[in-house]
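> One structure is given below, represented as structure tokens, and several questions about it will come after.
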Amino acid sequence: MHLNQVATQPIEGQKPGTSGLRKKTKVFMGPHYLENFVQAIFDAIGGATGKTFVLGGDGRYFSHEAAQVILRMAAANGAAKVIVGQGALLSTPAASNLIRLFRTDGGIILSASHNPGGHDEDFGVKFNTPNGGPAPEAVTEAIFARTKTIQQYGILETVDADLSGPGVQRMGDMVVEVVDPVADYAALMETLFDFGAIRELFASGFRMRFDAMNAVTGPYATEVLENRLGAPKGTVVHGAPLPDFGGMHPDPNPTWAHELIAEMMQADAPDFGAASDGDGDRNMVLGRGVYVSPSDSLAVLAANAHLAPGYAGGLKGVARSMPTSAAVDRVADAMGLPKYETPTGWKFFGNLMDADRVTLCGEESFGNGSDHVREKDGLWAVLLWLNILAVRKQSVGEIMADHWNRYGRNYYSRHDYEALDASTANVIMGDLRARLDTLPGSTVEGMRISSADDFAYTDPVDGSQATGQGLRIVFDGGSRIVLRISGTGTEGATIRLYLERYVAGPEGLGEEPQKALAPVIRAAETLTGLRERSGRSEPDVVT
Ligand code: VG1
Ligand code: CO
């Protein structure tokens with residue numbers, strides 16, 4: 001065993017995006033790449049000496065090697081202890097839970113979330129702070145700043161830790177505690193939901209399909225749904241986490257979870273369907289023949305959360321990211337709840353939850369969660385849906401129809417134009433940004449623009465500011481176009497175009513969303529020239 005200080009040099013581009021640092025796996029495997037970033041994390045938080053961290057990830061290719069490097073670096077940096085998920089596995093919400101449960105000094109999550117995995121795909125590293133949430137911008141900025149000056153990193157030369165089963169071992173002076181990745185998380189879920197009622201639901205013949213997409217949620221879903229709630233074996237499919245996700249793209253949306261969509265649209269489909277992403281923080285839910293848009297799912301969960309024991313006392317407030325539809329706002333207004341609109345990315349919800357201002361948060365990108373942890377949580381959302389279905393004894397379709405009748409419907413869609421040439425994307429964004437001030441009052445496709453701006457946010461808890469968070473154009477009546485560049489892509493630039501139109505009802509609530517949004521989609525093209533200028537005749541992904 002030998003403590004090594006390795007000389008290194010700054011590597012360009014180690015700037016964390018919406019959710020950690022994501023790059024091609026081969027980039028992470030390059031000389032000093034992972035080591036520089038991990039040392040920058042330790043340095044940016046005032047060193048690792050005497051500290052305890054949680055470590056785990058979604059099991060993607062290179063996770064095992066990366067986990068061993070991080071353990072040896074933590075030991076060299078004087079950490080007291082690292083709590084690691086068995087096999088280096090931990091879903092993002094489970095990692096958040098362990099950080100909070102054991103009051104650690106933070107955690108490192110190895111994941112590129114919904115991005116594909118494998119030697120030629122993506123890898124990622126994310127640091128979470130002691131509250132269990134993704135590092136806020138001040139911390140990620142400090143990490144990035146450190147990557148630009150780093151000259152050396154510490155690493156212990158020693159044999160690998162044995163991560164194959166629970167137990168305690170030592171690496172130098174540091175304790176390595178390997179834990180069952182599922183147990184504490186499953187126990188937390190039992191405190192929030194009426195497992196008895198959900199068990200009865202399954203016992204009555206209710207059928208469900210959960211597509212874990214060969215990613216980290218498999219073991220969690222199998223334990224909770226099949227072992228503890230009595231769902232029949234085989235309810236969970238693609239349940240074994242694989243390094244390349246078996247070639248699946250673990251993004252739970254209609255494009256990438258097409259197998260589940262196809263099954264759920266059949267006449268004899270299960271009653272309920274769900275999928276989750278690479279690291280288990282996203283979810284898509286479906287009823288028989290019914291796709292629930294993530295923004296609508298957030299609104300339904302907000303309106304019905306009190307039906308689950310963990311939320312029986314009501315919600316403190318709700319928050320959504322700016323591009324997420326205003327469906328949840330209508331619920332908040334009707335229930336008299338405080339509501340917040342934040343920039344994209346879960347890190348912006350942490351302060352609101354820590355300050356007890358909100359209980360429920362969500363994003364249009366298939367993510368919602370509550371203050372039980374400080375990350376979005378895919379399986380949690382599925383369990384809350386199951387609890388609601390068990391209590392209301394209605395189908396997903398009936399619940400959606402009832403919701404829209406009551407609150408009206410926010411038709412919503414996101415069109416992604418992926419891997420565009422970065423300069424083209426910047427020109428499209430820049431041109432629109434420059435014209436924002438001139439737009440209010442003008443009419444496009446028969447719709448009058450009431451406001452246009454580049455979204456900026458001041459955190460109401462600590463006053464921190466975030467600017468340049470997305471261009472938004474709002475029309476009279478609440479229809480909306482939002483444009484932003486993705487902060488999780490690893491190739492070129494991805495433009496996300498978010499489209500929304502509100503229909504109060506009772507007429508016109510049952511339209512197909514792309515049809516209902518047609519005038520807004522046309523207005524977006526007129527205003528941005530996105531298709532024409534990018535040379536793309538249609539978006540790569542429509543959700
Ligand atoms: C995307 C989503 C955003 C989400 C983020 C991380 O970011 O739009 O809502 O918080 O991914 O989710 P972007 O910058 O590419 O739009 V995950 O499950 O990939 O950690
Ligand atoms: Co994710």
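Residues in the structure tokens are named by chain (A, B, ... in the order shown) and by number from 1 within that chain; ligands are numbered from 1 in the order shown.
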From a DSSP calculation on the backbone, collect every residue of stretch 187-402 of chain A in helix (DSSP H, G or I) and output the set as a VMD selection string.
chain A and resid 187 to 192 195 to 203 217 to 228 245 to 247 258 to 264 294 to 307 309 to 311 327 to 335 346 to 348 350 to 354 378 to 392 396 to 402
> Just the residues within 6 Å of stretch 20-30 of chain A, please, counting only C-alpha atoms, with nothing from its chain fewer than 5 positions along; format it as a ChimeraX atom specification.
/A:112,119,121-126,490
> Go through A:Leu110, A:Val328, A:Ala142, A:Leu386 and flag the residue nearest ligand 2, using only C-alpha atoms and all ligand atoms for the distances.
A:Leu110
> Excluding A:Asp194 and any residue of its chain fewer than 5 positions from it, enumerate the residues within 7 Å of it, using only C-alpha atoms, and give them as a PyMOL selection string.
chain A and resi 308-309+387
> Quick one: write out the picked residues with C-alpha atoms as a tab-separated table (two decimals), in the first residue's frame?

chain	number	residue	atom	x	y	z
A	308	ALA	CA	-51.22	8.25	0.68
A	309	PRO	CA	-50.32	8.04	4.39
A	387	ASN	CA	-51.63	4.13	-3.82
> Select the residues contacting ligand 2 at a distance of at most 12 Å, based on only C-alpha atoms and all ligand atoms, then format the selection as a PyMOL selection string.
chain A and resi 18-20+57-58+91-93+109-116+124+126+134+215-217+249-252+275-284+345-346+363+365-368+375-379+488
> Would you mind listing what lies within 10 Å of stretch 393-408 of chain A as an NGL selection string, with only C-alpha atoms counted and same-chain residues fewer than 4 positions away left out?
:A and (201 or 271-273 or 285-292 or 296-297 or 299-300 or 303 or 327-331 or 334 or 385-389 or 502-510)
